[in-house]
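*Asks:* Input file: coords.cif. Contents: mmCIF, C-alpha atoms.
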```cif
data_protein
#
loop_
_atom_site.group_PDB
_atom_site.id
_atom_site.type_symbol
_atom_site.label_atom_id
_atom_site.label_comp_id
_atom_site.auth_asym_id
_atom_site.auth_seq_id
_atom_site.Cartn_x
_atom_site.Cartn_y
_atom_site.Cartn_z
ATOM 1 C CA MET A 1 0.000 0.000 0.000
ATOM 2 C CA PHE A 2 2.760 2.440 0.918
ATOM 3 C CA GLU A 3 4.635 1.517 -2.253
ATOM 4 C CA VAL A 4 1.679 2.504 -4.425
ATOM 5 C CA ILE A 5 1.309 5.835 -2.630
ATOM 6 C CA ILE A 6 5.043 6.611 -2.899
ATOM 7 C CA SER A 7 5.048 5.730 -6.621
ATOM 8 C CA ILE A 8 2.088 8.022 -7.303
ATOM 9 C CA LEU A 9 3.839 10.858 -5.450
ATOM 10 C CA PHE A 10 7.056 10.376 -7.441
ATOM 11 C CA PHE A 11 5.040 10.283 -10.669
ATOM 12 C CA SER A 12 3.398 13.593 -9.707
ATOM 13 C CA ILE A 13 6.820 15.115 -9.044
ATOM 14 C CA PHE A 14 8.018 13.994 -12.481
ATOM 15 C CA LEU A 15 4.934 15.553 -14.136
ATOM 16 C CA VAL A 16 5.625 18.812 -12.283
ATOM 17 C CA LEU A 17 9.262 18.596 -13.370
ATOM 18 C CA TYR A 18 8.106 18.570 -17.000
ATOM 19 C CA ARG A 19 6.382 21.916 -16.458
ATOM 20 C CA PHE A 20 9.452 23.183 -14.610
ATOM 21 C CA LEU A 21 11.742 22.397 -17.532
ATOM 22 C CA LYS A 22 9.379 23.444 -20.322
ATOM 23 C CA GLY A 23 7.461 26.368 -18.801
ATOM 24 C CA PRO A 24 7.512 29.378 -21.116
ATOM 25 C CA THR A 25 7.867 32.070 -18.473
ATOM 26 C CA LEU A 26 9.571 32.461 -15.121
ATOM 27 C CA SER A 27 6.261 32.431 -13.229
ATOM 28 C CA ASP A 28 5.436 28.943 -14.541
ATOM 29 C CA ARG A 29 8.739 27.682 -13.231
ATOM 30 C CA ILE A 30 8.148 29.268 -9.842
ATOM 31 C CA ILE A 31 4.698 27.683 -9.572
ATOM 32 C CA ALA A 32 6.185 24.322 -10.524
ATOM 33 C CA PHE A 33 8.850 24.758 -7.826
ATOM 34 C CA ASP A 34 6.183 25.620 -5.250
ATOM 35 C CA VAL A 35 4.073 22.579 -6.140
ATOM 36 C CA ALA A 36 7.138 20.318 -6.096
ATOM 37 C CA SER A 37 8.118 21.523 -2.618
ATOM 38 C CA ILE A 38 4.598 20.937 -1.282
ATOM 39 C CA VAL A 39 4.510 17.447 -2.802
ATOM 40 C CA SER A 40 7.920 16.766 -1.227
ATOM 41 C CA VAL A 41 6.507 17.625 2.206
ATOM 42 C CA SER A 42 3.809 14.981 1.802
ATOM 43 C CA LEU A 43 6.323 12.532 0.339
ATOM 44 C CA LEU A 44 8.529 12.947 3.407
ATOM 45 C CA VAL A 45 5.587 12.371 5.746
ATOM 46 C CA VAL A 46 4.662 9.175 3.880
ATOM 47 C CA LEU A 47 8.318 8.067 3.975
ATOM 48 C CA ALA A 48 8.349 8.743 7.727
ATOM 49 C CA LEU A 49 5.364 6.426 8.090
ATOM 50 C CA TYR A 50 7.044 3.845 5.854
ATOM 51 C CA PHE A 51 10.401 3.768 7.662
ATOM 52 C CA LYS A 52 8.913 4.622 11.096
ATOM 53 C CA GLN A 53 11.338 7.518 11.626
ATOM 54 C CA ALA A 54 9.916 10.603 13.335
ATOM 55 C CA LEU A 55 12.982 12.609 12.284
ATOM 56 C CA TYR A 56 11.629 12.982 8.745
ATOM 57 C CA LEU A 57 8.821 15.231 10.011
ATOM 58 C CA ASP A 58 11.358 17.891 11.000
ATOM 59 C CA ILE A 59 12.897 17.688 7.529
ATOM 60 C CA ALA A 60 9.401 18.071 6.064
ATOM 61 C CA LEU A 61 8.864 21.222 8.140
ATOM 62 C CA VAL A 62 12.189 22.676 6.960
ATOM 63 C CA ILE A 63 11.426 21.862 3.314
ATOM 64 C CA GLY A 64 8.011 23.546 3.618
ATOM 65 C CA LEU A 65 9.648 26.637 5.122
ATOM 66 C CA ILE A 66 12.319 26.827 2.413
ATOM 67 C CA GLY A 67 9.740 26.297 -0.340
ATOM 68 C CA PHE A 68 7.579 29.118 0.995
ATOM 69 C CA LEU A 69 10.545 31.463 1.332
ATOM 70 C CA GLY A 70 11.791 30.612 -2.159
ATOM 71 C CA ALA A 71 8.411 31.171 -3.804
ATOM 72 C CA THR A 72 7.894 34.475 -1.988
ATOM 73 C CA LEU A 73 11.388 35.755 -2.793
ATOM 74 C CA PHE A 74 11.097 34.844 -6.464
ATOM 75 C CA GLY A 75 7.709 36.587 -6.567
ATOM 76 C CA ARG A 76 9.305 39.747 -5.200
ATOM 77 C CA TYR A 77 12.062 39.313 -7.788
ATOM 78 C CA ILE A 78 9.542 39.231 -10.666
ATOM 79 C CA GLU A 79 7.793 42.277 -9.291
ATOM 80 C CA LYS A 80 10.673 44.598 -8.532
ATOM 81 C CA GLY A 81 13.930 43.062 -9.671
ATOM 82 C CA ILE A 82 16.880 42.574 -7.391
ATOM 83 C CA MET B 1 -10.029 0.637 11.933
ATOM 84 C CA PHE B 2 -8.029 3.838 12.361
ATOM 85 C CA GLU B 3 -5.434 2.585 9.890
ATOM 86 C CA ILE B 4 -8.066 2.024 7.211
ATOM 87 C CA VAL B 5 -9.390 5.574 7.664
ATOM 88 C CA GLY B 6 -5.807 6.884 7.538
ATOM 89 C CA PHE B 7 -4.956 5.020 4.351
ATOM 90 C CA LEU B 8 -8.189 6.234 2.754
ATOM 91 C CA LEU B 9 -7.372 9.864 3.606
ATOM 92 C CA ILE B 10 -3.782 9.513 2.363
ATOM 93 C CA PHE B 11 -5.004 7.941 -0.876
ATOM 94 C CA LEU B 12 -7.497 10.782 -1.441
ATOM 95 C CA GLY B 13 -4.726 13.332 -0.846
ATOM 96 C CA VAL B 14 -2.381 11.590 -3.260
ATOM 97 C CA MET B 15 -5.118 11.581 -5.885
ATOM 98 C CA ALA B 16 -5.461 15.350 -5.364
ATOM 99 C CA PHE B 17 -1.704 15.666 -5.978
ATOM 100 C CA LEU B 18 -1.942 13.607 -9.167
ATOM 101 C CA VAL B 19 -4.857 15.723 -10.471
ATOM 102 C CA SER B 20 -2.872 18.839 -9.617
ATOM 103 C CA ALA B 21 0.199 17.645 -11.505
ATOM 104 C CA ILE B 22 -1.843 16.693 -14.577
ATOM 105 C CA GLY B 23 -3.630 20.054 -14.489
ATOM 106 C CA LEU B 24 -0.321 21.877 -14.223
ATOM 107 C CA ILE B 25 0.582 20.396 -17.606
ATOM 108 C CA ARG B 26 -2.820 20.734 -19.265
ATOM 109 C CA MET B 27 -3.921 24.236 -18.259
ATOM 110 C CA PRO B 28 -3.456 26.995 -20.859
ATOM 111 C CA ASP B 29 -2.281 30.102 -19.013
ATOM 112 C CA ILE B 30 -0.554 31.077 -15.821
ATOM 113 C CA TYR B 31 -3.519 31.955 -13.614
ATOM 114 C CA THR B 32 -5.316 28.669 -14.219
ATOM 115 C CA ARG B 33 -2.045 26.848 -13.599
ATOM 116 C CA MET B 34 -1.711 28.725 -10.338
ATOM 117 C CA HIS B 35 -5.298 27.857 -9.423
ATOM 118 C CA VAL B 36 -4.753 24.154 -10.001
ATOM 119 C CA GLY B 37 -1.281 24.191 -8.525
ATOM 120 C CA THR B 38 -2.019 25.746 -5.161
ATOM 121 C CA LYS B 39 -5.598 24.970 -4.133
ATOM 122 C CA SER B 40 -5.535 21.258 -4.784
ATOM 123 C CA THR B 41 -2.076 20.881 -3.255
ATOM 124 C CA THR B 42 -3.292 22.572 -0.071
ATOM 125 C CA VAL B 43 -6.183 20.124 0.160
ATOM 126 C CA GLY B 44 -3.920 17.189 -0.701
ATOM 127 C CA THR B 45 -1.351 18.090 1.933
ATOM 128 C CA MET B 46 -3.997 18.471 4.622
ATOM 129 C CA LEU B 47 -5.580 15.121 3.713
ATOM 130 C CA VAL B 48 -2.220 13.305 3.719
ATOM 131 C CA LEU B 49 -1.117 14.798 7.040
ATOM 132 C CA ILE B 50 -4.435 14.121 8.799
ATOM 133 C CA GLY B 51 -4.337 10.569 7.455
ATOM 134 C CA ALA B 52 -0.834 10.229 8.914
ATOM 135 C CA CYS B 53 -2.289 11.449 12.237
ATOM 136 C CA PHE B 54 -4.749 8.550 12.095
ATOM 137 C CA ILE B 55 -2.018 5.999 11.395
ATOM 138 C CA GLU B 56 0.543 7.223 13.983
ATOM 139 C CA PRO B 57 -1.333 9.094 16.758
ATOM 140 C CA THR B 58 1.852 9.770 18.728
ATOM 141 C CA TRP B 59 3.139 12.143 16.032
ATOM 142 C CA SER B 60 -0.010 14.240 16.076
ATOM 143 C CA PHE B 61 1.566 17.404 17.486
ATOM 144 C CA LYS B 62 4.169 17.813 14.745
ATOM 145 C CA LEU B 63 1.692 16.844 12.045
ATOM 146 C CA ILE B 64 -0.928 19.354 13.233
ATOM 147 C CA LEU B 65 1.826 21.995 13.368
ATOM 148 C CA LEU B 66 2.752 21.132 9.771
ATOM 149 C CA VAL B 67 -0.918 21.314 8.706
ATOM 150 C CA ILE B 68 -1.289 24.798 10.246
ATOM 151 C CA PHE B 69 1.979 25.916 8.637
ATOM 152 C CA ILE B 70 0.980 24.712 5.156
ATOM 153 C CA PHE B 71 -2.517 26.131 5.579
ATOM 154 C CA LEU B 72 -1.099 29.573 6.417
ATOM 155 C CA THR B 73 1.800 29.829 3.981
ATOM 156 C CA ASN B 74 0.614 28.156 0.782
ATOM 157 C CA PRO B 75 -2.136 30.686 -0.132
ATOM 158 C CA LEU B 76 0.222 33.512 0.822
ATOM 159 C CA SER B 77 2.954 32.440 -1.592
ATOM 160 C CA SER B 78 0.425 31.858 -4.377
ATOM 161 C CA SER B 79 -0.996 35.327 -3.779
ATOM 162 C CA VAL B 80 2.482 36.852 -4.015
ATOM 163 C CA ILE B 81 3.201 35.012 -7.282
ATOM 164 C CA ALA B 82 -0.204 36.002 -8.750
ATOM 165 C CA ARG B 83 0.296 39.670 -7.931
ATOM 166 C CA ALA B 84 3.816 39.627 -9.313
ATOM 167 C CA SER B 85 2.843 37.988 -12.588
ATOM 168 C CA HIS B 86 -0.112 40.367 -12.985
ATOM 169 C CA ARG B 87 2.173 43.353 -12.567
ATOM 170 C CA ASP B 88 4.663 41.712 -14.902
ATOM 171 C CA GLY B 89 2.020 41.808 -17.655
ATOM 172 C CA HIS B 90 0.720 38.263 -17.948
ATOM 173 C CA THR B 91 -2.798 38.001 -19.357
ATOM 174 C CA LEU B 92 -5.427 35.312 -19.504
ATOM 175 C CA ASP B 93 -5.562 32.938 -22.447
ATOM 176 C CA ARG B 94 -9.127 33.632 -23.588
ATOM 177 C CA ASP B 95 -10.008 36.982 -25.088
ATOM 178 C CA ASP B 96 -13.447 37.295 -23.467
ATOM 179 C CA MET B 97 -12.042 37.038 -19.950
ATOM 180 C CA LYS B 98 -9.659 39.974 -19.881
ATOM 181 C CA ASP B 99 -9.661 41.977 -16.673
ATOM 182 C CA ALA B 100 -11.089 45.489 -16.781
ATOM 183 C CA GLU B 101 -8.433 48.152 -17.022
#
```
Show me this structure written as structure tokens.

*Replies:*
Amino acid sequence: MFEVIISILFFSIFLVLYRFLKGPTLSDRIIAFDVASIVSVSLLVVLALYFKQALYLDIALVIGLIGFLGATLFGRYIEKGI
Amino acid sequence: MFEIVGFLLIFLGVMAFLVSAIGLIRMPDIYTRMHVGTKSTTVGTMLVLIGACFIEPTWSFKLILLVIFIFLTNPLSSSVIARASHRDGHTLDRDDMKDAE
């Protein structure tokens, strides 16, 4: 059961990666990065359930924080430049 | 019993992620991509984390903290990206849905 869930999550990340590589504008790439970071948070929680390691939840929290900061900073970059 | 409910919630959340990833490829312009890429991922993350709460009840504190964090920050970042791309000059794909300026 966990294997099916983990495979579907990896497949979603690969589909998002297609948009990240192809996306015509910078905003598309930033949205793809945001979605990939959110999917990675859920993937880490499922991996924590699979390996029974509570440490992965902290890593999931840090990845969510970094994804939010990255998306916000790139949004400010589109709006005003460096 | 709790494990079955947890697996069901996690499976529903993963399906939301899959729909979101397919929509991110299929949608025509940036605002619809943003719509499909942030709303459904918020719902999917909350479903997966609450399902994990059902499976491992001893981790509930960290998982609820993560749910609150995602619920607060994900719409905020999407709002920032939407405002930035609107000011950058992106328009909608269809001609009859242009915003009034």

*Asks:* Out of B:Met46, B:Leu76, B:Val36, B:Ile81, which residue has the shortest atom-to-atom distance to chain A when counting all atoms listed in the file?

*Replies:*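 Among the listed residues, B:Ile81 lies closest to chain A.
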
*Asks:* Hey, can you check how far atom CA of A:Ala36 sits from atom CA of A:Ile13?

*Replies:*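 Taking atom CA of A:Ala36 as the start and atom CA of A:Ile13 as the end point, the length is 6.0 Å.
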
*Asks:* Show me as a compact mmCIF listing (two decimals) with C-alpha atoms, in the frame of the given file the residues that reach within 7 Å of (10.8, 32.1, -9.4), counting all atoms listed in the file and using the file's own coordinates.

*Replies:*
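So point.txt came out as:
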```txt
# COMPACT_ATOMS: atom_id res chain seq x y z
CA LEU A 26 9.57 32.46 -15.12
CA SER A 27 6.26 32.43 -13.23
CA ARG A 29 8.74 27.68 -13.23
CA ILE A 30 8.15 29.27 -9.84
CA ALA A 71 8.41 31.17 -3.80
CA PHE A 74 11.10 34.84 -6.46
CA GLY A 75 7.71 36.59 -6.57
```

*Asks:* For the structure provided, state which residues fall under the PyMOL selection byres ((chain A) within 9 of (chain B)), and present them as a ChimeraX atom specification.

*Replies:* /A:1-2,5-6,8-9,11-16,18-19,25,27-28,30-32,34-35,38-39,41-42,45-46,49,54,57-58,60-61,64-65,68-69,71-72,74-80

*Asks:* What is the atom CA of A:Ser37-atom CA of A:Phe20 distance in Å, reported with one decimal?

*Replies:* 12.2 Å

*Asks:* What gap, in Å, lies between atom CA of A:Phe33 and atom CA of A:Tyr56?

*Replies:*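 Between these atoms lies a distance of 20.5 Å.
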
*Asks:* Would you give the centre and edge lengths, in Å to one decimal, of a box along x, y and z around the listed atoms of stretch 77-83 of chain B, with 3 Å added to each side, as AutoDock Vina command-line options?

*Replies:*
```
--center_x 1.1 --center_y 35.8 --center_z -5.2 --size_x 10.2 --size_y 13.8 --size_z 13.2
```
